[in-house]
Every structure is written in structure tokens, then in C-alpha cells.
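Next up, start_30.cif (mmCIF, C-alpha atoms):
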data_input
#
loop_
_atom_site.label_atom_id
_atom_site.label_comp_id
_atom_site.auth_asym_id
_atom_site.auth_seq_id
_atom_site.Cartn_x
_atom_site.Cartn_y
_atom_site.Cartn_z
CA MET A 18 30.08 19.66 133.30
CA ARG A 19 29.95 16.39 131.32
CA LYS A 20 32.41 14.73 133.71
CA LEU A 21 30.31 15.83 136.65
CA MET A 22 27.11 14.43 135.12
CA ASN A 23 28.84 11.15 134.35
CA PHE A 24 30.05 10.93 137.93
CA ILE A 25 26.54 11.54 139.26
CA ARG A 26 25.01 8.91 136.97
CA GLY A 27 27.83 6.40 137.55
CA MET A 28 30.24 4.78 135.07
CA VAL A 29 31.38 1.24 134.39
CA THR A 30 34.28 -0.30 132.42
CA VAL A 31 33.26 -3.42 130.50
CA GLN A 32 35.10 -5.98 128.38
CA LEU A 33 33.30 -7.51 125.39
CA THR A 34 34.37 -10.90 124.03
CA GLY A 35 32.86 -12.53 120.93
CA LEU A 36 33.44 -13.81 117.44
CA PHE A 37 32.30 -10.52 115.89
CA PRO A 38 32.31 -7.81 118.65
CA GLU A 39 31.86 -5.08 116.06
CA ARG A 40 28.25 -6.24 115.68
CA LEU A 41 27.64 -5.25 119.28
CA ILE A 42 29.25 -1.86 118.61
CA ASN A 43 26.80 -1.27 115.74
CA LEU A 44 23.85 -2.29 117.92
CA CYS A 45 24.99 0.19 120.63
CA ALA A 46 25.11 2.95 118.04
CA GLN A 47 21.59 2.06 116.84
CA GLU A 48 20.26 2.06 120.43
CA ARG A 49 22.12 5.33 121.15
CA ILE A 50 24.11 3.85 124.02
CA ASP A 51 27.02 6.20 124.68
CA PHE A 52 30.46 4.69 125.22
CA TRP A 53 33.98 6.03 125.07
CA ALA A 54 37.62 5.12 125.71
CA MET A 55 37.26 2.09 123.41
CA GLU A 56 40.32 -0.18 123.20
CA TRP A 57 40.89 -3.34 121.10
CA LEU A 58 42.63 -5.92 123.27
CA ASP A 59 42.73 -8.51 120.46
CA GLU A 60 40.70 -9.49 117.39
CA HIS A 61 37.76 -10.70 119.52
CA THR A 62 37.97 -8.52 122.64
CA ILE A 63 37.04 -4.86 123.16
CA ARG A 64 37.16 -2.70 126.29
CA PHE A 65 35.26 0.61 126.72
CA VAL A 66 33.53 2.79 129.31
CA THR A 67 29.77 3.39 129.42
CA ARG A 68 27.19 4.71 131.85
CA LEU A 69 26.02 2.48 134.67
CA HIS A 70 22.32 2.67 133.87
CA THR A 71 22.91 1.32 130.31
CA LEU A 72 24.65 -1.85 131.56
CA ARG A 73 21.47 -3.97 131.57
CA ARG A 74 20.54 -2.99 128.01
CA LEU A 75 24.13 -3.62 126.94
CA LYS A 76 23.95 -7.19 128.21
CA GLU A 77 20.70 -7.78 126.30
CA LEU A 78 22.29 -6.57 123.08
CA ALA A 79 25.38 -8.69 123.75
CA GLY A 80 23.19 -11.80 123.86
CA LYS A 81 21.79 -10.97 120.44
CA ALA A 82 25.28 -10.40 118.99
CA GLY A 83 26.70 -13.55 120.51
CA CYS A 84 29.09 -11.71 122.85
CA GLU A 85 29.90 -11.96 126.51
CA VAL A 86 30.04 -8.87 128.77
CA GLU A 87 32.46 -8.80 131.70
CA GLN A 88 32.41 -5.91 134.16
CA GLU A 89 35.90 -4.81 135.14
CA ALA A 90 35.31 -1.70 137.30
CA ARG A 91 32.60 0.76 138.29
CA TRP A 92 32.68 4.15 139.99
CA GLY A 93 30.59 7.25 140.54
CA LEU A 94 27.98 8.51 143.01
CA PRO A 95 25.62 5.50 142.84
CA ASP A 96 28.52 3.14 143.55
CA PHE A 97 29.63 5.34 146.47
CA LEU A 98 26.14 5.43 148.02
CA SER A 99 25.66 1.69 147.59
CA ARG A 100 28.38 1.09 150.17
CA PHE A 101 26.11 2.54 152.86
CA ARG A 102 22.99 0.54 152.07
CA THR A 103 23.12 -1.25 155.43
CA ARG A 104 24.23 1.80 157.44
CA TYR A 105 20.84 3.24 158.19
CA ALA A 106 22.07 5.70 160.83
CA PHE A 107 24.52 7.23 158.37
CA LEU A 108 21.90 7.52 155.64
CA THR A 109 19.43 9.05 158.07
CA GLY A 110 22.00 11.58 159.25
CA LEU A 111 22.95 12.43 155.68
CA VAL A 112 19.33 13.03 154.70
CA LEU A 113 18.70 15.14 157.80
CA ALA A 114 21.89 17.15 157.17
CA LEU A 115 20.90 17.85 153.56
CA CYS A 116 17.41 18.87 154.66
CA ALA A 117 18.86 21.12 157.37
CA VAL A 118 21.24 22.79 154.93
CA GLY A 119 18.48 23.30 152.40
CA PHE A 120 16.14 24.74 155.03
CA LEU A 121 18.60 26.88 157.01
CA SER A 122 20.09 28.35 153.83
CA ARG A 123 16.81 30.21 153.34
CA PHE A 124 17.32 32.28 156.52
CA VAL A 125 19.16 35.62 156.49
CA LEU A 126 22.51 35.40 158.29
CA THR A 127 24.21 38.63 157.23
CA ILE A 128 22.99 42.07 156.12
CA GLN A 129 25.29 44.25 154.00
CA VAL A 130 24.63 47.96 153.33
CA THR A 131 26.26 49.66 150.34
CA GLY A 132 26.00 53.06 148.68
CA ASN A 133 25.80 55.22 151.82
CA GLU A 134 28.34 57.88 152.77
CA LYS A 135 26.57 60.45 154.96
CA VAL A 136 23.77 58.33 156.43
CA PRO A 137 25.35 55.91 158.97
CA THR A 138 25.00 52.19 158.37
CA ALA A 139 23.84 51.71 161.97
CA VAL A 140 20.89 54.09 161.37
CA ILE A 141 19.80 52.14 158.27
CA LEU A 142 20.10 48.77 160.03
CA SER A 143 18.20 50.09 163.05
CA GLN A 144 15.29 51.23 160.88
CA LEU A 145 15.22 47.90 159.02
CA ARG A 146 15.26 46.05 162.35
CA GLN A 147 12.13 47.94 163.40
CA LEU A 148 10.48 46.67 160.20
CA GLY A 149 11.45 43.07 161.01
CA VAL A 150 14.55 42.81 158.80
CA ARG A 151 17.30 41.30 160.96
CA PRO A 152 19.62 38.26 160.99
CA GLY A 153 17.59 35.09 161.48
CA VAL A 154 14.48 36.17 159.54
CA TYR A 155 13.08 33.83 156.88
CA GLY A 156 14.29 35.31 153.60
CA PRO A 157 11.49 34.30 151.17
CA SER A 158 8.86 35.80 153.50
CA LEU A 159 10.28 39.33 153.15
CA GLU A 160 8.28 41.75 151.02
CA ARG A 161 11.43 43.46 149.88
CA LYS A 162 9.91 46.22 147.72
CA GLN A 163 7.39 47.23 150.38
CA LEU A 164 10.01 47.15 153.13
CA ALA A 165 12.33 49.37 151.08
CA GLN A 166 9.56 51.93 150.53
CA GLU A 167 8.60 51.97 154.23
CA ALA A 168 12.23 52.41 155.27
CA LEU A 169 12.68 55.33 152.84
CA LEU A 170 9.75 57.17 154.44
CA GLU A 171 11.49 57.07 157.83
CA LEU A 172 15.08 57.72 156.74
CA ASP A 173 16.07 61.27 155.89
CA GLY A 174 18.88 61.71 153.41
CA LEU A 175 18.04 58.68 151.22
CA SER A 176 16.36 58.88 147.82
CA TRP A 177 16.31 55.19 146.82
CA MET A 178 16.66 51.76 148.42
CA ALA A 179 16.60 48.17 147.18
CA LEU A 180 16.78 44.86 149.07
CA ASN A 181 18.41 41.96 147.19
CA LEU A 182 18.51 38.47 148.67
CA HIS A 183 21.55 36.33 147.81
CA GLY A 184 21.10 33.06 149.67
CA THR A 185 21.81 33.82 153.33
CA ARG A 186 23.07 37.35 152.58
CA LEU A 187 20.70 40.32 152.30
CA GLU A 188 22.17 43.21 150.30
CA VAL A 189 20.78 46.67 151.04
CA ILE A 190 21.64 49.14 148.25
CA VAL A 191 20.87 52.80 148.93
CA ARG A 192 21.30 56.11 147.14
CA GLU A 193 21.59 59.33 149.09
CA VAL A 194 19.82 62.58 148.35
CA ILE A 195 21.87 65.07 146.33
CA GLU A 196 21.57 68.38 148.12
CA ARG A 197 20.78 71.47 146.14
CA PRO A 198 23.52 74.09 146.06
CA LYS A 199 22.82 76.99 148.35
CA ARG A 200 21.84 80.20 146.63
CA LEU A 201 23.46 83.40 147.71
CA ASP A 202 21.02 85.69 149.45
CA GLU A 203 21.33 89.04 147.69
CA SER A 204 18.40 90.67 149.46
CA GLY A 205 18.58 93.14 152.32
CA LEU A 206 21.25 95.55 153.56
CA PHE A 207 24.31 93.87 155.06
CA ASP A 208 27.73 95.22 156.07
CA ILE A 209 31.05 93.45 156.58
CA VAL A 210 32.45 94.19 160.06
CA ALA A 211 35.57 93.04 161.91
CA GLU A 212 35.23 90.06 164.25
CA ALA A 213 38.64 90.69 165.87
CA ASP A 214 41.16 93.49 166.44
CA GLY A 215 43.99 93.74 163.95
CA VAL A 216 45.89 95.56 161.23
CA VAL A 217 44.44 95.24 157.71
CA VAL A 218 46.87 93.75 155.19
CA HIS A 219 44.58 93.05 152.22
CA VAL A 220 41.02 93.97 151.14
CA GLU A 221 38.96 92.13 148.48
CA PRO A 222 35.55 93.82 148.15
CA GLU A 223 33.08 91.95 145.91
CA GLN A 224 29.95 93.99 146.61
CA GLY A 225 29.75 97.20 148.54
CA ASP A 226 32.26 99.98 149.26
CA ALA A 227 35.46 99.25 151.21
CA VAL A 228 35.94 101.77 154.06
CA VAL A 229 39.38 100.47 155.12
CA GLN A 230 42.64 100.03 153.28
CA GLU A 231 45.94 98.25 153.80
CA GLY A 232 47.57 99.38 157.03
CA SER A 233 44.31 100.45 158.71
CA VAL A 234 43.98 99.53 162.39
CA VAL A 235 40.54 98.14 163.20
CA ALA A 236 38.82 96.99 166.36
CA GLU A 237 36.20 94.29 166.80
CA GLY A 238 32.91 95.47 165.32
CA ASP A 239 34.41 98.20 163.11
CA LEU A 240 32.94 98.58 159.61
CA LEU A 241 35.12 97.10 156.86
CA ILE A 242 32.91 96.96 153.75
CA SER A 243 29.77 99.09 153.70
CA GLY A 244 26.50 97.87 152.23
CA ILE A 245 25.67 101.49 151.13
CA VAL A 246 27.13 101.87 147.65
CA THR A 247 27.92 105.39 146.43
CA MET A 248 27.24 106.23 142.80
CA GLU A 249 28.98 109.42 141.72
CA PRO A 250 27.35 111.68 139.12
CA PRO A 251 28.92 112.31 135.71
CA LYS A 252 31.95 114.58 135.63
CA TYR A 253 31.19 118.32 135.44
CA SER A 254 27.63 117.61 136.51
CA ASP A 255 25.83 119.39 139.35
CA LEU A 256 23.88 116.27 140.29
CA PRO A 257 24.43 114.95 143.83
CA ASN A 258 25.81 111.51 144.71
CA ARG A 259 23.35 108.68 144.68
CA TYR A 260 23.28 105.89 147.24
CA TYR A 261 21.65 102.47 147.18
CA PRO A 262 21.71 99.54 149.66
CA THR A 263 23.16 96.12 148.81
CA HIS A 264 24.27 92.89 150.43
CA ALA A 265 27.97 93.56 151.00
CA ARG A 266 30.38 90.73 150.24
CA GLY A 267 34.15 90.45 150.32
CA ARG A 268 37.18 89.32 152.29
CA VAL A 269 39.41 91.37 154.54
CA TRP A 270 42.71 89.92 155.70
CA ALA A 271 44.38 91.29 158.81
CA ARG A 272 47.24 90.55 161.16
CA THR A 273 45.79 89.76 164.58
CA TRP A 274 47.04 88.91 168.06
CA ARG A 275 45.11 86.22 169.91
CA VAL A 276 45.42 85.60 173.65
CA LEU A 277 43.95 82.33 174.97
CA THR A 278 44.11 80.87 178.49
CA THR A 279 43.26 77.50 180.05
CA ALA A 280 44.03 75.71 183.33
CA ILE A 281 44.24 72.23 184.88
CA PRO A 282 44.41 71.02 188.54
CA LEU A 283 47.82 69.78 189.71
CA GLU A 284 46.24 66.93 191.65
CA ALA A 285 44.06 64.27 189.96
CA GLU A 286 42.07 61.24 191.03
CA VAL A 287 43.28 57.95 189.53
CA LYS A 288 42.28 54.29 189.76
CA ASP A 289 44.24 51.91 191.99
CA TYR A 290 43.35 48.34 190.98
CA THR A 291 43.17 45.84 193.86
CA GLY A 292 43.80 42.75 191.73
CA GLU A 293 40.29 41.35 192.23
CA SER A 294 38.58 40.48 188.94
CA LYS A 295 35.68 38.47 187.60
CA ARG A 296 34.71 37.19 184.14
CA VAL A 297 31.34 36.41 182.61
CA TRP A 298 31.05 34.50 179.31
CA SER A 299 27.98 34.53 177.09
CA VAL A 300 26.93 33.59 173.57
CA ASN A 301 24.92 35.94 171.34
CA PHE A 302 22.87 33.89 168.88
CA PHE A 303 20.60 35.87 166.54
CA GLN A 304 20.60 38.80 169.04
CA GLN A 305 19.64 36.48 171.91
CA ARG A 306 22.13 36.45 174.79
CA ILE A 307 22.78 33.14 176.54
CA LYS A 308 25.06 33.09 179.60
CA ILE A 309 27.33 30.08 179.69
CA LEU A 310 29.74 30.85 182.56
CA GLY A 311 29.73 33.25 185.54
CA ASN A 312 27.20 35.81 186.75
CA THR A 313 27.02 39.61 186.82
CA SER A 314 26.35 39.99 190.55
CA ILE A 315 29.05 42.48 191.66
CA SER A 316 29.44 43.62 195.27
CA TRP A 317 32.37 46.00 194.78
CA PRO A 318 31.62 49.72 195.13
CA ARG A 319 33.91 50.68 192.23
CA TYR A 320 34.93 48.60 189.28
CA ASP A 321 35.72 48.76 185.56
CA LYS A 322 33.81 46.70 183.01
CA ILE A 323 35.71 45.57 179.91
CA THR A 324 33.70 43.85 177.17
CA THR A 325 35.44 41.77 174.51
CA VAL A 326 33.40 40.41 171.60
CA HIS A 327 34.70 37.54 169.46
CA GLN A 328 32.67 37.78 166.26
CA THR A 329 32.32 34.82 163.91
CA ALA A 330 32.63 35.58 160.21
CA LEU A 331 32.60 33.97 156.80
CA PRO A 332 35.84 33.53 154.81
CA ASN A 333 35.01 36.69 152.82
CA GLY A 334 34.80 38.76 156.02
CA ASP A 335 31.00 39.04 156.38
CA ALA A 336 29.97 38.80 160.04
CA LEU A 337 27.67 36.00 161.16
CA PRO A 338 24.92 36.53 163.79
CA VAL A 339 26.85 34.41 166.31
CA SER A 340 29.43 35.86 168.71
CA ILE A 341 31.05 35.06 172.05
CA THR A 342 31.23 37.88 174.61
CA CYS A 343 33.62 38.06 177.57
CA GLU A 344 32.85 40.68 180.26
CA THR A 345 35.73 41.36 182.65
CA PHE A 346 35.09 43.24 185.91
CA ARG A 347 38.09 44.75 187.78
CA GLU A 348 37.83 46.30 191.24
CA TYR A 349 39.67 49.55 192.00
CA ARG A 350 40.00 52.23 194.66
CA ALA A 351 40.29 55.96 194.01
CA LYS A 352 43.40 57.82 195.13
CA ASN A 353 44.83 61.29 194.51
CA VAL A 354 48.21 61.71 192.83
CA GLN A 355 50.26 64.65 191.66
CA VAL A 356 50.03 65.42 187.95
CA ASP A 357 53.21 65.38 185.87
CA GLN A 358 53.67 69.10 185.21
CA SER A 359 55.50 68.66 181.90
CA ALA A 360 52.80 66.33 180.58
CA ALA A 361 50.04 68.67 181.84
CA GLN A 362 51.70 71.66 180.16
CA ALA A 363 52.03 69.76 176.87
CA LEU A 364 48.35 68.79 177.06
CA LEU A 365 47.20 72.37 177.69
CA GLU A 366 49.39 73.74 174.91
CA GLU A 367 47.91 71.23 172.46
CA GLN A 368 44.38 72.22 173.51
CA LEU A 369 45.16 75.92 173.04
CA LEU A 370 46.60 75.34 169.57
CA LYS A 371 43.45 73.43 168.56
CA GLN A 372 41.29 76.24 169.91
CA LEU A 373 43.36 78.79 168.00
CA ALA A 374 43.02 76.79 164.76
CA GLY A 375 39.25 76.84 165.20
CA LEU A 376 39.23 80.61 165.65
CA ILE A 377 41.33 81.54 162.62
CA GLY A 378 39.75 78.94 160.29
CA GLU A 379 41.30 76.74 157.63
CA ASP A 380 42.64 79.70 155.60
CA GLY A 381 44.28 81.38 158.58
CA GLN A 382 47.99 81.22 159.31
CA VAL A 383 49.82 81.26 162.65
CA GLU A 384 52.95 83.39 162.29
CA SER A 385 54.32 83.12 165.84
CA THR A 386 53.30 81.75 169.25
CA ARG A 387 54.37 82.22 172.87
CA PHE A 388 53.27 80.23 175.93
CA ASP A 389 53.28 81.56 179.51
CA VAL A 390 52.87 79.17 182.48
CA ARG A 391 51.75 80.12 185.97
CA LEU A 392 51.18 77.90 189.06
CA SER A 393 48.74 79.14 191.68
CA GLY A 394 45.99 77.77 193.90
CA GLY A 395 46.80 74.14 193.07
CA GLN A 396 46.34 74.77 189.35
CA MET A 397 48.52 75.20 186.30
CA GLU A 398 47.46 78.04 184.03
CA VAL A 399 48.85 78.27 180.51
CA SER A 400 48.36 81.33 178.29
CA LEU A 401 48.94 81.45 174.54
CA THR A 402 49.82 84.66 172.71
CA ALA A 403 49.77 84.15 168.95
CA GLN A 404 50.34 86.46 166.00
CA CYS A 405 48.10 85.36 163.11
CA LEU A 406 47.17 86.28 159.59
CA GLU A 407 43.44 85.63 159.14
CA GLU A 408 40.28 86.73 157.41
CA ILE A 409 38.37 88.86 159.97
CA GLY A 410 35.28 89.95 158.02
CA ARG A 411 31.79 88.76 158.98
CA GLU A 412 28.35 89.76 157.76
CA GLN A 413 26.09 91.91 159.88
CA PRO A 414 22.70 93.47 159.07
CA GLY A 415 23.21 97.16 158.25
CA THR A 416 21.11 100.20 159.09
CA GLU A 417 20.39 102.87 156.50
CA GLU A 418 20.84 106.31 157.96
CA LEU A 419 18.16 108.89 157.30
CA GLY A 420 19.18 111.40 154.67
CA ALA A 421 21.63 109.06 152.96
CA ASN A 422 19.44 109.11 149.83
CA PRO A 423 18.35 112.67 148.98
#

What is this file in C-alpha cells?
Amino acid sequence: MRKLMNFIRGMVTVQLTGLFPERLINLCAQERIDFWAMEWLDEHTIRFVTRLHTLRRLKELAGKAGCEVEQEARWGLPDFLSRFRTRYAFLTGLVLALCAVGFLSRFVLTIQVTGNEKVPTAVILSQLRQLGVRPGVYGPSLERKQLAQEALLELDGLSWMALNLHGTRLEVIVREVIERPKRLDESGLFDIVAEADGVVVHVEPEQGDAVVQEGSVVAEGDLLISGIVTMEPPKYSDLPNRYYPTHARGRVWARTWRVLTTAIPLEAEVKDYTGESKRVWSVNFFQQRIKILGNTSISWPRYDKITTVHQTALPNGDALPVSITCETFREYRAKNVQVDQSAAQALLEEQLLKQLAGLIGEDGQVESTRFDVRLSGGQMEVSLTAQCLEEIGREQPGTEELGANP
């Protein structure tokens, strides 16, 4: 820091010659004139470095001490700027550039959102844009606390927001709402029924009475765990059984056989590009689009539009509100071609496997699969037969039969 301040103030190397130069050194100490790098050249000559603005006072003291002051070299910012005293255009441009940098640095160029996981960044930026917070806005004019409160009222899923201005970068820090854990609903009478046909391999009743056991064959909709709980009387008692309703819970695993079918046409419409193309270039500056080359007047009946955006960014990766967009238009004609049957079959099989995974859930297992292919009516039909091990129980409101409770 000291070297930087000395450079800004300017420095000079002087040589003092006199009968008693040490007198001048004492006078400099009394006047608090800083100097350093002192070197004795001979008995009557001293060389040292001092600040440029103390040179005049140094010469006055040298006259009192009977010494002569000779300037050997000078450097620093004042010496650098003195070279351009007659270059008025350069000085004017330098002053205007400094003013422009000082003024433009107060505008927001980038907006960075942190702290969000579930609420998309685009949703937060869109809401802030409606409140006037966007690249190009004058930073000091933003009422950041008020804007954060207004944005929170419109954004679901956020519990806190803060806007921090760091030069040309606006940092948006958010905290999302912590959802309350869902409470299990224990009220009402509910049964566990089968959602698919299968053979029961394992039963885990948590609440309620299991009405099936391992090896039982069940159909879709059959009762697996009853919500009517039976309470037997004490042994050797003549009291009847008691019954009471509950919300049945539990898991029932079964081996199932799933059959899924899908189809695809054997002839498809594809694009045949003619080779004709057109490009339109534009510049996006603070969300304002300026066309610089070409026009978007297209006379072709069918064409593809490909948009390529070249985004400018800072060295740290933050995007700037300036980008160059290239829009490419390509003409094509539609024509029908035969579908590759092997590729079509592979596509349908992949779709069926995804559909099967959605049916059996994350805990389900596929034990074996078989695909059957049939061609008819210009279509390819693929059927999947799969043997699975899955949890087939689902909750269903129960009905209490009359007479169940005596």
C-alpha cells in the first residue's frame, strides 16, 4: 500500500552537495520530510529518494544549509500525466472514460439467484422483472427490502428473500419453505385390496386383520387386509367376539403377470431439405433486440427455424445482458418413408419397459419378460408379457356390514 501511495504522489531522486550535508538531513527531520534509500557518494555528497511534492521545500532548506540540490530522476503518476499536458484530446477522452466507467458501474448487469432448489430460477427472475428488477436498471434506485417483500408475496414456496448489490452484480438470496411432514390419517374405515391379479408371496399387516396368506391366489379388487379388527374374548369365556373398525395399513407382496401392448405405423413422414436456407443476425442489448443483418420474411410453406445464441460473459462465468443471435431458416418438403422395423421394435420395447416400471413402482422387480411382434394393417404391434414381484395392496374405503358388532 505504501508503494502504491508513493507512486500516486510521485517520487524524485535528488543529489545533495555541500560542505556539511548532514545539516540538511537534520533540517529534513525537523520539517518531517520523508526520505529513504540514502547513499553517501563522498564526504560532501548524499543521494536519497523523497516525494515529489516536498521538492520545493527541500530546496528552500538546502539554501539555508548551504547545499545544492540536483534532481537526478523522477517517476510516478504525476510525472506520467505531465507528458500529456498538450494532448487535450487524450485528456478529454481519459476523463470521459473514467466518468463513463464510474457511471455505468452503478447499473445492474447480471442477476444471480442462490439458495433455491424446488422453485425454478426462471420463476424468481420473472417475478422480479415484473417489479422492475432486470439487467440495465440503476442499482442505487432499487428499494431492495421492499422489492424482496413484494416478491415473497407473489412467490409460493419461498419463506425469505434478500437482494444484495455488489457493483454491477445483483445477488438474490432465497430460502425455501420447509414443508410439514404429512400426518397419517387414522380416521375412518379403510381396507387394503388388490390392484392386480397375482399369487401372494408375503403379507405384512400393520393395522387390521390379514385375510390372505402366502400362496393365496387373488384377483384385482379382492380384500387383502380388512379394516374390521376382531377381538376374541378371554379363553373359557362365553362372551362373543368383538369387532371395531380401523384404518387398515400394511404391505402385500405378490407375483404378478403383466401384459402390455403398443403399436407404431410402418410408414412415417420425414423432412427432405431442399438446400435453401436463410440467416438473420441480431443483437440483444438489455432485452432489446436490434436486427443487424437479414430479415425474417419467409415465403416457403415449410421450413425449420434454428436459433443459436452467443452469450457474452464475464471471466467468472456470469452472463452479461448482451448477446448475438443467429436465426437459420431451412426449407424442406415432406415425404413418406418406410420405418426401420428393427429400430421401431427396439423403440416400442423400451417404451413398454418404462410403462412396466411405472406400474410396479420402485420396489417392484421384473423376474422375466417376453416380447411378441405382429405386423398387420401397416402397423407394428409389440406385446410384453412380464412376470413381476410387486406390492399390490392399495387403500380403499371399507363398508361395515350390519350385524358385525352385536

Item checked: Residues near Lys162 (chain A), cut-off 10 Å, all atoms listed in the file, skip fewer than 6 positions along chain, as a PyMOL selection string -> chain A and resi 178-181

Next item on the list: Using all atoms listed in the file, pick whichever of A:Arg197, A:Arg259, A:Arg266, A:Arg350 has the shortest atom-to-atom distance to Glu286 (chain A).
Entry: A:Arg350

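Between CA of Arg268 (chain A) and CA of Thr402 (chain A) there is a distance of 24.5 Å.
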
When the PyMOL selection byres ((chain A and resi 242) around 7) is applied to the structure above, which residues does it catch, written out as a tab-separated table (two decimals) with C-alpha atoms, in the coordinates of the input?
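Listed below is the output, out08.tsv:
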chain	number	residue	atom	x	y	z
A	208	ASP	CA	27.73	95.22	156.07
A	209	ILE	CA	31.05	93.45	156.58
A	210	VAL	CA	32.45	94.19	160.06
A	222	PRO	CA	35.55	93.82	148.15
A	225	GLY	CA	29.75	97.20	148.54
A	226	ASP	CA	32.26	99.98	149.26
A	227	ALA	CA	35.46	99.25	151.21
A	228	VAL	CA	35.94	101.77	154.06
A	240	LEU	CA	32.94	98.58	159.61
A	241	LEU	CA	35.12	97.10	156.86
A	243	SER	CA	29.77	99.09	153.70
A	244	GLY	CA	26.50	97.87	152.23
A	265	ALA	CA	27.97	93.56	151.00

Next item on the list: Give me, please, the distance in Å between CA of Gly93 (chain A) and CA of Arg40 (chain A), quoted to one decimal.
Entry: 28.4 Å

Might you spell out which residues the PyMOL selection byres ((chain A and resi 121) around 12) would select in the displayed file, as a compact mmCIF listing (two decimals) with C-alpha atoms, in the frame of the given file?
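Result went into expr.txt, see below:
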# COMPACT_ATOMS: atom_id res chain seq x y z
CA LEU A 113 18.70 15.14 157.80
CA ALA A 114 21.89 17.15 157.17
CA LEU A 115 20.90 17.85 153.56
CA CYS A 116 17.41 18.87 154.66
CA ALA A 117 18.86 21.12 157.37
CA VAL A 118 21.24 22.79 154.93
CA GLY A 119 18.48 23.30 152.40
CA PHE A 120 16.14 24.74 155.03
CA SER A 122 20.09 28.35 153.83
CA ARG A 123 16.81 30.21 153.34
CA PHE A 124 17.32 32.28 156.52
CA VAL A 125 19.16 35.62 156.49
CA LEU A 126 22.51 35.40 158.29
CA GLY A 153 17.59 35.09 161.48
CA VAL A 154 14.48 36.17 159.54
CA TYR A 155 13.08 33.83 156.88
CA GLY A 156 14.29 35.31 153.60
CA PRO A 157 11.49 34.30 151.17
CA GLY A 184 21.10 33.06 149.67
CA THR A 185 21.81 33.82 153.33

Checklist line | Evaluate the PyMOL selection byres ((chain A and resi 405-410) around 8) and report residues as a VMD selection string | finding: chain A and resid 209 to 213 241 267 to 275 377 to 378 380 to 385 403 to 404 411 to 412

Region 318-349 of chain A near region 295-310 of chain A within 6 Å: what's each residue's closest atom pair and its distance in Å to one decimal, counting only C-alpha atoms, ordered by chain then ascending residue number, as a Markdown table?
| residue | atom | partner | partner_atom | distance |
| --- | --- | --- | --- | --- |
| A:Pro338 | CA | A:Phe303 | CA | 5.2 |
| A:Val339 | CA | A:Phe302 | CA | 4.8 |
| A:Ser340 | CA | A:Asn301 | CA | 5.2 |
| A:Ile341 | CA | A:Val300 | CA | 4.6 |
| A:Thr342 | CA | A:Ser299 | CA | 5.3 |
| A:Cys343 | CA | A:Trp298 | CA | 4.7 |
| A:Glu344 | CA | A:Val297 | CA | 5.1 |
| A:Thr345 | CA | A:Arg296 | CA | 4.5 |
| A:Phe346 | CA | A:Lys295 | CA | 5.1 |

Notebook entry, point to check: In Å, with one decimal, what is the gap from CA of Trp177 (chain A) to CA of Ser158 (chain A)?
Noted result: 21.8 Å

Checklist line | Local residues around (26.0, -0.1, 130.2), at most 12 Å away, using only C-alpha atoms, as an NGL selection string | finding: :A and (26-33 or 45 or 48-53 or 65-79 or 86-88 or 90-91)

Checklist line | Closest of A:Leu44, A:Val194, A:Leu369, A:Val287 to Glu134 (chain A) - atom-to-atom distances counting only C-alpha atoms | finding: A:Val194

Note to self: Could you list, as a list in words, every residue within 12 Å of Asn133 (chain A), counting all atoms listed in the file and ignoring same-chain residues fewer than 4 positions away?
What the structure shows: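 That gives Gln129, Pro137, Thr138, Ala139, Val140, Ile141, Leu142, Gly174, Leu175, Ser176, Trp177, Met178, Val189, Ile190, Val191, Arg192, Glu193, Val194 and Ile195 of chain A.
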
Margin query: Considering all atoms listed in the file, can you say which of A:Val234, A:Leu182, A:Ala351, A:Ala82 comes closest to Phe37 (chain A)?
Written below: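 Ranked by minimum distance to Phe37 (chain A), first place goes to A:Ala82.
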
Item checked: Counting all atoms listed in the file, the option among A:Phe24, A:Val130, A:Arg161, A:Arg151 closest to Trp92 (chain A) -> A:Phe24

Note to self: Measuring between all atoms listed in the file, which one of A:Asp389, A:Asp321, A:Glu366, A:Glu348 shows the shortest distance to Glu293 (chain A)?
What the structure shows: A:Glu348

Notebook entry, point to check: Using only C-alpha atoms, which of A:Tyr261, A:Gln372, A:Thr324, A:Ala361 sits nearest Glu249 (chain A)?
Noted result: A:Tyr261

Region 234-239 of chain A: axis-aligned bounding box, 8 Å on each side, centre and edge lengths in Å, one decimal, as lines of an AutoDock Vina configuration file:
center_x = 38.4
center_y = 96.9
center_z = 164.6
size_x = 27.1
size_y = 21.2
size_z = 20.4

Kindly reconstruct region 326-336 of chain A with N, CA, C and O atoms and present the result as a compact mmCIF listing (two decimals), keeping the file's coordinate frame.
# COMPACT_ATOMS: atom_id res chain seq x y z
N VAL A 326 34.31 41.18 172.45
CA VAL A 326 33.40 40.41 171.60
C VAL A 326 34.23 39.68 170.54
O VAL A 326 34.99 40.30 169.80
N HIS A 327 34.07 38.36 170.49
CA HIS A 327 34.70 37.54 169.46
C HIS A 327 33.63 37.21 168.42
O HIS A 327 32.76 36.37 168.65
N GLN A 328 33.70 37.90 167.28
CA GLN A 328 32.67 37.78 166.26
C GLN A 328 33.04 36.71 165.25
O GLN A 328 34.17 36.67 164.75
N THR A 329 32.09 35.80 164.96
CA THR A 329 32.32 34.82 163.91
C THR A 329 32.04 35.46 162.55
O THR A 329 31.23 36.37 162.44
N ALA A 330 32.74 34.98 161.54
CA ALA A 330 32.63 35.58 160.21
C ALA A 330 32.86 34.53 159.15
O ALA A 330 33.47 33.48 159.40
N LEU A 331 32.38 34.82 157.96
CA LEU A 331 32.60 33.97 156.80
C LEU A 331 34.00 34.20 156.25
O LEU A 331 34.66 35.19 156.61
N PRO A 332 34.49 33.32 155.39
CA PRO A 332 35.84 33.53 154.81
C PRO A 332 36.00 34.85 154.09
O PRO A 332 37.10 35.40 154.03
N ASN A 333 34.90 35.41 153.53
CA ASN A 333 35.01 36.69 152.82
C ASN A 333 34.95 37.90 153.75
O ASN A 333 35.02 39.04 153.30
N GLY A 334 34.81 37.67 155.05
CA GLY A 334 34.80 38.76 156.02
C GLY A 334 33.44 39.17 156.51
O GLY A 334 33.35 39.96 157.46
N ASP A 335 32.35 38.69 155.92
CA ASP A 335 31.00 39.04 156.38
C ASP A 335 30.74 38.43 157.75
O ASP A 335 30.98 37.23 157.97
N ALA A 336 30.22 39.26 158.67
CA ALA A 336 29.97 38.80 160.04
C ALA A 336 28.73 37.93 160.09
O ALA A 336 27.73 38.18 159.42
